[in-house]
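Asker: Before I ask anything, here is the structure I am working with.
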Amino acid sequence: MTASVHPRQDASAQYLLRVADTCLILGQRLSEWCGHAPIIEEDIALSNTALDLIGQARALLTHAGRSETGLSLDEDQLAFLREERHYLNVTLVELPRGDFAFTVLRNVMVATFLKLLWQRLARSSDAELAAIAGKAVKEARYHQQHAGDWVLRLADGTAESRQRTEAALAQLWRYTPELFEDDAVDEQAAASGLGPRWSELREDWLADMGQLLTEAQLSAPKDSAFRSTGKRGVHSEHLGHLLTEMQHLQRSFPGGVW
Amino acid sequence: MSTPEPSTEWPLWEVFVRSKAGLDHKHCGSLHAADAKLAIQLARDVYARRQEGISIWVVPSNQIVASDPGDKSSYFDPMEDKVYRHPTFYALPDALNHM
């Protein structure tokens with residue numbers, strides 16, 4: 001076994017890790033579809049999306065792992081050797097992959113959010129983050145379009161595809177408020193110009209999602225008092241299982257490459 | 001062409017991709033997709049994910065009219081001994097170096 005690493009705990013590192021881990025964990029979840037998608041064309045499309053997300057996570061983890069003063073950590077150490085509490089992804093992305101309707105609906109929710117976030121991060125005071133965002137926003141736009149088109153087709157498809165889409169919406173919607181809950185990490189990022197408070201993205205996200213749901217003749221469930229807390233490191237029971245699989249190789253064969 | 005697709009099978013599409021340096025779209029394969037928009041998206045994911053192209057066409061496969069393989073001997077074999085149809089017998093002026 002390899003000992004766990006401890007990431008920087010300052011606000012800007014946490015801000016970066018929230019974005020990086022949200023990409024990383026959704027990428028890992030989507031990779032579970034490899035070889036299992038309904039048809040081979042969509043299998044490749046989902047794997048492409050997973051690889052885009054993992055690529056974005058790699059760039060951000062490399063950036064977040066650099067330290068002016070203390071010990072620097074590389075992307076692999078951060079991706080594979082942290083404890084669960086040090087992963088700062090939103091809970092939404094760690095939920096089990098579900099069926100295809102669940103997958104494409106979650107993808108469009110996250111892609112819409114990331115597209116809006118990357119657009120703002122492209123103007124970050126942190127030049128490296130701005131460069132990563134400038135590249136990533138193009139990928140997010142495609143992810144949003146592709147997943148959104150699927151949601152439309154499933155909602156307007158057979159009775160079963162519509163029922164599954166409605167069920168997915170009911171399951172997923174309650175995890176979306178977490179995306180827009182601010183805390184001290186957001187305040188400091190806004191103050192330093194690193195990036196926006198995530199609450200600033202809420203209005204545009206609701207507008208994009210609202211347009212899609214209207215077109216799909218779906219309606220957003222009522223807001224509930226439930227708040228998930230993944231981006232503060234307090235996760236659902238699902239993340240531990242995901243990490244066990246994701247970390248296995250690096251824990252068993254430290255530093256292994258291929 | 002008049003036989004409807006079975007409802008459980010998505011229609012087949014032929015994919016044409018124009019590469020960065022290429023002038024024309026070249027046929028590169030086929031795929032199944034529910035409709036034209038998804039066919040373009042899936043073509044992008046299947047045939048253009050390694051920088052193969054900058055433009056994609058998709059055409060429903062059942063819209064392509066093909067020559068009959070049974071006609072091959074009468075359609076194409078007669079061309080074998082008609083070298084005079086190649087413009088290789090003209091004496092070119094010296095000024096034309098790049099023909």
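Ligands are numbered from 1 in the order shown, residues from 1 within each chain, and chains are lettered A, B, ... in the order they appear in the structure tokens.
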Set the cut-off to 12 Å and count only C-alpha atoms: what are the residues of chain A that reach chain B? Output as a list in words.
Answerer: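 For chain A, the answer reads Pro38, Ile39, Ile40, Glu41, Glu42, Asp43, Ile44, Ala45, Leu46, Ser47, Asn48, Thr49, Leu51, Asp52, Glu139, Tyr142, His143, Gln144, Gln145, His146, Ala147, Gly148, Asp149, Trp150, Leu152, Arg153, Leu154, Gly157 and Thr158 of chain A.
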Asker: Could you take the residues named above and write them with N, CA and C atoms, as a PDB file, in the first residue's frame?
Answerer:
```pdb
ATOM      1  N   PRO A  38     -25.417   1.603 -25.433  1.00  0.00           N
ATOM      2  CA  PRO A  38     -26.434   0.912 -26.250  1.00  0.00           C
ATOM      3  C   PRO A  38     -25.935   0.523 -27.643  1.00  0.00           C
ATOM      4  N   ILE A  39     -25.114   1.380 -28.252  1.00  0.00           N
ATOM      5  CA  ILE A  39     -24.540   1.031 -29.554  1.00  0.00           C
ATOM      6  C   ILE A  39     -23.094   1.501 -29.590  1.00  0.00           C
ATOM      7  N   ILE A  40     -22.333   0.941 -30.509  1.00  0.00           N
ATOM      8  CA  ILE A  40     -20.890   1.212 -30.496  1.00  0.00           C
ATOM      9  C   ILE A  40     -20.589   2.690 -30.762  1.00  0.00           C
ATOM     10  N   GLU A  41     -21.395   3.337 -31.619  1.00  0.00           N
ATOM     11  CA  GLU A  41     -21.143   4.752 -31.917  1.00  0.00           C
ATOM     12  C   GLU A  41     -21.241   5.598 -30.646  1.00  0.00           C
ATOM     13  N   GLU A  42     -22.266   5.326 -29.829  1.00  0.00           N
ATOM     14  CA  GLU A  42     -22.448   6.103 -28.602  1.00  0.00           C
ATOM     15  C   GLU A  42     -21.421   5.673 -27.548  1.00  0.00           C
ATOM     16  N   ASP A  43     -20.988   4.431 -27.613  1.00  0.00           N
ATOM     17  CA  ASP A  43     -19.929   3.950 -26.732  1.00  0.00           C
ATOM     18  C   ASP A  43     -18.683   4.812 -26.925  1.00  0.00           C
ATOM     19  N   ILE A  44     -18.352   5.049 -28.196  1.00  0.00           N
ATOM     20  CA  ILE A  44     -17.184   5.880 -28.508  1.00  0.00           C
ATOM     21  C   ILE A  44     -17.428   7.325 -28.080  1.00  0.00           C
ATOM     22  N   ALA A  45     -18.649   7.815 -28.311  1.00  0.00           N
ATOM     23  CA  ALA A  45     -18.956   9.208 -27.948  1.00  0.00           C
ATOM     24  C   ALA A  45     -18.824   9.417 -26.440  1.00  0.00           C
ATOM     25  N   LEU A  46     -19.337   8.467 -25.651  1.00  0.00           N
ATOM     26  CA  LEU A  46     -19.252   8.602 -24.190  1.00  0.00           C
ATOM     27  C   LEU A  46     -17.802   8.492 -23.720  1.00  0.00           C
ATOM     28  N   SER A  47     -17.047   7.596 -24.347  1.00  0.00           N
ATOM     29  CA  SER A  47     -15.634   7.468 -23.967  1.00  0.00           C
ATOM     30  C   SER A  47     -14.860   8.728 -24.334  1.00  0.00           C
ATOM     31  N   ASN A  48     -15.182   9.330 -25.485  1.00  0.00           N
ATOM     32  CA  ASN A  48     -14.539  10.599 -25.854  1.00  0.00           C
ATOM     33  C   ASN A  48     -14.811  11.658 -24.797  1.00  0.00           C
ATOM     34  N   THR A  49     -16.073  11.720 -24.347  1.00  0.00           N
ATOM     35  CA  THR A  49     -16.430  12.711 -23.321  1.00  0.00           C
ATOM     36  C   THR A  49     -15.656  12.436 -22.035  1.00  0.00           C
ATOM     37  N   LEU A  51     -12.798  11.001 -21.721  1.00  0.00           N
ATOM     38  CA  LEU A  51     -11.386  11.365 -21.906  1.00  0.00           C
ATOM     39  C   LEU A  51     -11.190  12.872 -21.907  1.00  0.00           C
ATOM     40  N   ASP A  52     -12.156  13.611 -22.476  1.00  0.00           N
ATOM     41  CA  ASP A  52     -12.069  15.080 -22.416  1.00  0.00           C
ATOM     42  C   ASP A  52     -12.054  15.543 -20.968  1.00  0.00           C
ATOM     43  N   GLU A 139     -14.765  21.992 -25.538  1.00  0.00           N
ATOM     44  CA  GLU A 139     -15.185  20.603 -25.289  1.00  0.00           C
ATOM     45  C   GLU A 139     -16.537  20.588 -24.570  1.00  0.00           C
ATOM     46  N   TYR A 142     -19.579  21.113 -26.773  1.00  0.00           N
ATOM     47  CA  TYR A 142     -20.001  19.921 -27.520  1.00  0.00           C
ATOM     48  C   TYR A 142     -20.698  18.917 -26.596  1.00  0.00           C
ATOM     49  N   HIS A 143     -20.137  18.728 -25.394  1.00  0.00           N
ATOM     50  CA  HIS A 143     -20.757  17.787 -24.449  1.00  0.00           C
ATOM     51  C   HIS A 143     -22.205  18.202 -24.152  1.00  0.00           C
ATOM     52  N   GLN A 144     -22.393  19.512 -23.980  1.00  0.00           N
ATOM     53  CA  GLN A 144     -23.730  20.013 -23.680  1.00  0.00           C
ATOM     54  C   GLN A 144     -24.675  19.742 -24.850  1.00  0.00           C
ATOM     55  N   GLN A 145     -24.198  20.004 -26.056  1.00  0.00           N
ATOM     56  CA  GLN A 145     -25.046  19.815 -27.233  1.00  0.00           C
ATOM     57  C   GLN A 145     -25.407  18.338 -27.422  1.00  0.00           C
ATOM     58  N   HIS A 146     -24.390  17.480 -27.335  1.00  0.00           N
ATOM     59  CA  HIS A 146     -24.619  16.055 -27.596  1.00  0.00           C
ATOM     60  C   HIS A 146     -25.561  15.443 -26.540  1.00  0.00           C
ATOM     61  N   ALA A 147     -25.272  15.732 -25.264  1.00  0.00           N
ATOM     62  CA  ALA A 147     -26.112  15.170 -24.198  1.00  0.00           C
ATOM     63  C   ALA A 147     -27.513  15.777 -24.249  1.00  0.00           C
ATOM     64  N   GLY A 148     -27.594  17.077 -24.532  1.00  0.00           N
ATOM     65  CA  GLY A 148     -28.900  17.739 -24.599  1.00  0.00           C
ATOM     66  C   GLY A 148     -29.759  17.165 -25.717  1.00  0.00           C
ATOM     67  N   ASP A 149     -29.134  16.894 -26.856  1.00  0.00           N
ATOM     68  CA  ASP A 149     -29.885  16.304 -27.970  1.00  0.00           C
ATOM     69  C   ASP A 149     -30.437  14.935 -27.589  1.00  0.00           C
ATOM     70  N   TRP A 150     -29.651  14.196 -26.815  1.00  0.00           N
ATOM     71  CA  TRP A 150     -30.139  12.892 -26.356  1.00  0.00           C
ATOM     72  C   TRP A 150     -31.333  13.027 -25.422  1.00  0.00           C
ATOM     73  N   LEU A 152     -33.536  15.337 -25.383  1.00  0.00           N
ATOM     74  CA  LEU A 152     -34.708  15.645 -26.207  1.00  0.00           C
ATOM     75  C   LEU A 152     -35.268  14.391 -26.860  1.00  0.00           C
ATOM     76  N   ARG A 153     -34.387  13.588 -27.412  1.00  0.00           N
ATOM     77  CA  ARG A 153     -34.852  12.399 -28.125  1.00  0.00           C
ATOM     78  C   ARG A 153     -35.481  11.377 -27.187  1.00  0.00           C
ATOM     79  N   LEU A 154     -34.883  11.223 -26.001  1.00  0.00           N
ATOM     80  CA  LEU A 154     -35.439  10.253 -25.057  1.00  0.00           C
ATOM     81  C   LEU A 154     -36.773  10.741 -24.493  1.00  0.00           C
ATOM     82  N   GLY A 157     -39.313  10.221 -27.117  1.00  0.00           N
ATOM     83  CA  GLY A 157     -39.181   8.920 -27.780  1.00  0.00           C
ATOM     84  C   GLY A 157     -40.338   7.994 -27.457  1.00  0.00           C
ATOM     85  N   THR A 158     -40.026   6.840 -26.894  1.00  0.00           N
ATOM     86  CA  THR A 158     -41.074   5.880 -26.546  1.00  0.00           C
ATOM     87  C   THR A 158     -41.581   6.178 -25.140  1.00  0.00           C
TER      88      THR A 158
END
```
Asker: Let's see if you can do this: from backbone DSSP, list all alpha helix (DSSP H) residues in chain B, as an MDAnalysis selection string.
Answerer: chainID B and resid 36:47 72:75
Asker: Find the residues around Val17 (chain B) up to 7 Å (only C-alpha atoms counted), leave out those fewer than 2 positions away in its own chain, and share them as a short mmCIF file (atom, residue, chain, number, x, y, z; two decimals) with C-alpha atoms, in the first residue's frame.
Answerer:
```
data_model
loop_
_atom_site.label_atom_id
_atom_site.label_comp_id
_atom_site.auth_asym_id
_atom_site.auth_seq_id
_atom_site.Cartn_x
_atom_site.Cartn_y
_atom_site.Cartn_z
CA VAL B 15 -19.84 9.37 -43.69
CA SER B 19 -9.32 16.57 -44.08
CA HIS B 25 -14.89 15.11 -48.85
CA LYS B 26 -13.80 11.49 -48.90
CA HIS B 27 -15.88 8.49 -47.95
CA CYS B 28 -14.49 7.05 -44.72
CA GLY B 53 -11.11 16.41 -40.54
CA SER B 55 -15.91 19.14 -42.27
CA ILE B 56 -18.32 16.20 -42.30
CA TRP B 57 -21.12 15.10 -44.63
#
```
Asker: Rounded to one decimal, what separation in Å do you get between CA of Gln250 (chain A) and CA of Leu129 (chain A)?
Answerer: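 Between CA of Gln250 (chain A) and CA of Leu129 (chain A) the gap is 26.7 Å.
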Asker: For region 12-108 of chain A against region 175-186 of chain A, with a cut-off of 7 Å and counting only C-alpha atoms, what is the closest atom pair and its distance in Å to one decimal for every residue that makes the cut, ordered by chain and number, as CSV?
Answerer:
```
residue,atom,partner,partner_atom,distance
A:Gln14,CA,A:Val185,CA,6.9
A:Tyr15,CA,A:Val185,CA,6.2
A:Val90,CA,A:Leu179,CA,6.8
A:Thr91,CA,A:Tyr175,CA,6.9
A:Leu92,CA,A:Tyr175,CA,5.4
```
Asker: Would you write out those residues with C-alpha atoms, as a PDB file, in the first residue's frame?
Answerer:
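Just written: again.pdb:
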```pdb
ATOM      1  CA  GLN A  14      -9.626  24.072  -2.951  1.00  0.00           C
ATOM      2  CA  TYR A  15     -11.265  26.112  -5.699  1.00  0.00           C
ATOM      3  CA  VAL A  90     -19.851  17.923  -6.261  1.00  0.00           C
ATOM      4  CA  THR A  91     -21.900  14.899  -5.146  1.00  0.00           C
ATOM      5  CA  LEU A  92     -23.887  14.926  -8.421  1.00  0.00           C
TER       6      LEU A  92
END
```
Asker: Report, in Å with one decimal, the straight-line distance from CA of Leu16 (chain A) to CA of Arg227 (chain A).
Answerer: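 Taking CA of Leu16 (chain A) as the start and CA of Arg227 (chain A) as the end point, the length is 21.4 Å.
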Asker: Just checking: using only C-alpha atoms, which residue out of A:Met209, A:Ala20, A:Leu172, A:Leu78 ends up closest to Ser4 (chain A)?
Answerer: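 Smallest separation from Ser4 (chain A) among the options: A:Leu78.
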Asker: So which residues of chain B fall under strand (DSSP E or B) by DSSP, listed as a ChimeraX atom specification?
Answerer: /B:12-18,26-32,55-60
Asker: Keeping N, CA and C atoms for every residue in the selection just given, could you write it to a file as an mmCIF file, in the first residue's frame?
Answerer:
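Okay, this is what ended up in part_29.cif:
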```
data_model
loop_
_atom_site.group_PDB
_atom_site.id
_atom_site.type_symbol
_atom_site.label_atom_id
_atom_site.label_comp_id
_atom_site.auth_asym_id
_atom_site.auth_seq_id
_atom_site.Cartn_x
_atom_site.Cartn_y
_atom_site.Cartn_z
ATOM 1 N N LEU B 12 -28.850 3.483 -41.363
ATOM 2 C CA LEU B 12 -27.403 3.527 -41.644
ATOM 3 C C LEU B 12 -27.077 4.801 -42.434
ATOM 4 N N TRP B 13 -25.948 5.400 -42.119
ATOM 5 C CA TRP B 13 -25.495 6.632 -42.783
ATOM 6 C C TRP B 13 -24.090 6.432 -43.313
ATOM 7 N N GLU B 14 -23.829 6.987 -44.489
ATOM 8 C CA GLU B 14 -22.469 6.983 -45.033
ATOM 9 C C GLU B 14 -21.797 8.288 -44.622
ATOM 10 N N VAL B 15 -20.537 8.201 -44.226
ATOM 11 C CA VAL B 15 -19.842 9.369 -43.691
ATOM 12 C C VAL B 15 -18.722 9.808 -44.635
ATOM 13 N N PHE B 16 -18.697 11.099 -44.908
ATOM 14 C CA PHE B 16 -17.654 11.695 -45.753
ATOM 15 C C PHE B 16 -16.949 12.776 -44.957
ATOM 16 N N VAL B 17 -15.629 12.723 -44.925
ATOM 17 C CA VAL B 17 -14.868 13.685 -44.129
ATOM 18 C C VAL B 17 -13.885 14.423 -45.027
ATOM 19 N N ARG B 18 -13.819 15.728 -44.839
ATOM 20 C CA ARG B 18 -12.811 16.517 -45.548
ATOM 21 C C ARG B 18 -11.664 16.783 -44.584
ATOM 22 N N LYS B 26 -14.068 12.871 -48.500
ATOM 23 C CA LYS B 26 -13.795 11.487 -48.903
ATOM 24 C C LYS B 26 -14.612 10.530 -48.046
ATOM 25 N N HIS B 27 -15.118 9.481 -48.690
ATOM 26 C CA HIS B 27 -15.881 8.488 -47.949
ATOM 27 C C HIS B 27 -14.961 7.788 -46.960
ATOM 28 N N CYS B 28 -15.389 7.703 -45.684
ATOM 29 C CA CYS B 28 -14.492 7.050 -44.724
ATOM 30 C C CYS B 28 -15.175 5.934 -43.957
ATOM 31 N N GLY B 29 -16.484 5.730 -44.155
ATOM 32 C CA GLY B 29 -17.125 4.614 -43.465
ATOM 33 C C GLY B 29 -18.606 4.887 -43.285
ATOM 34 N N SER B 30 -19.216 4.111 -42.392
ATOM 35 C CA SER B 30 -20.641 4.285 -42.170
ATOM 36 C C SER B 30 -20.937 4.101 -40.695
ATOM 37 N N LEU B 31 -22.105 4.508 -40.270
ATOM 38 C CA LEU B 31 -22.510 4.318 -38.880
ATOM 39 C C LEU B 31 -24.027 4.307 -38.775
ATOM 40 N N HIS B 32 -24.514 3.846 -37.634
ATOM 41 C CA HIS B 32 -25.949 3.890 -37.361
ATOM 42 C C HIS B 32 -26.256 5.103 -36.498
ATOM 43 N N SER B 55 -14.544 19.045 -41.764
ATOM 44 C CA SER B 55 -15.912 19.144 -42.268
ATOM 45 C C SER B 55 -16.445 17.730 -42.490
ATOM 46 N N ILE B 56 -17.725 17.540 -42.185
ATOM 47 C CA ILE B 56 -18.317 16.203 -42.303
ATOM 48 C C ILE B 56 -19.611 16.274 -43.109
ATOM 49 N N TRP B 57 -19.810 15.314 -43.996
ATOM 50 C CA TRP B 57 -21.118 15.097 -44.626
ATOM 51 C C TRP B 57 -21.625 13.728 -44.183
ATOM 52 N N VAL B 58 -22.907 13.603 -43.964
ATOM 53 C CA VAL B 58 -23.498 12.273 -43.824
ATOM 54 C C VAL B 58 -24.649 12.152 -44.811
ATOM 55 N N VAL B 59 -24.809 10.962 -45.346
ATOM 56 C CA VAL B 59 -25.851 10.702 -46.335
ATOM 57 C C VAL B 59 -26.541 9.402 -45.944
ATOM 58 N N PRO B 60 -27.883 9.396 -45.922
ATOM 59 C CA PRO B 60 -28.553 8.116 -45.624
ATOM 60 C C PRO B 60 -28.123 7.064 -46.647
#
```
Asker: Name the residues in contact with Trp173 (chain A) at a cut-off of 9 Å, using only C-alpha atoms, excluding same-chain residues fewer than 3 positions from it; report them as a ChimeraX atom specification.
Answerer: /A:168-170,176-177,220-223
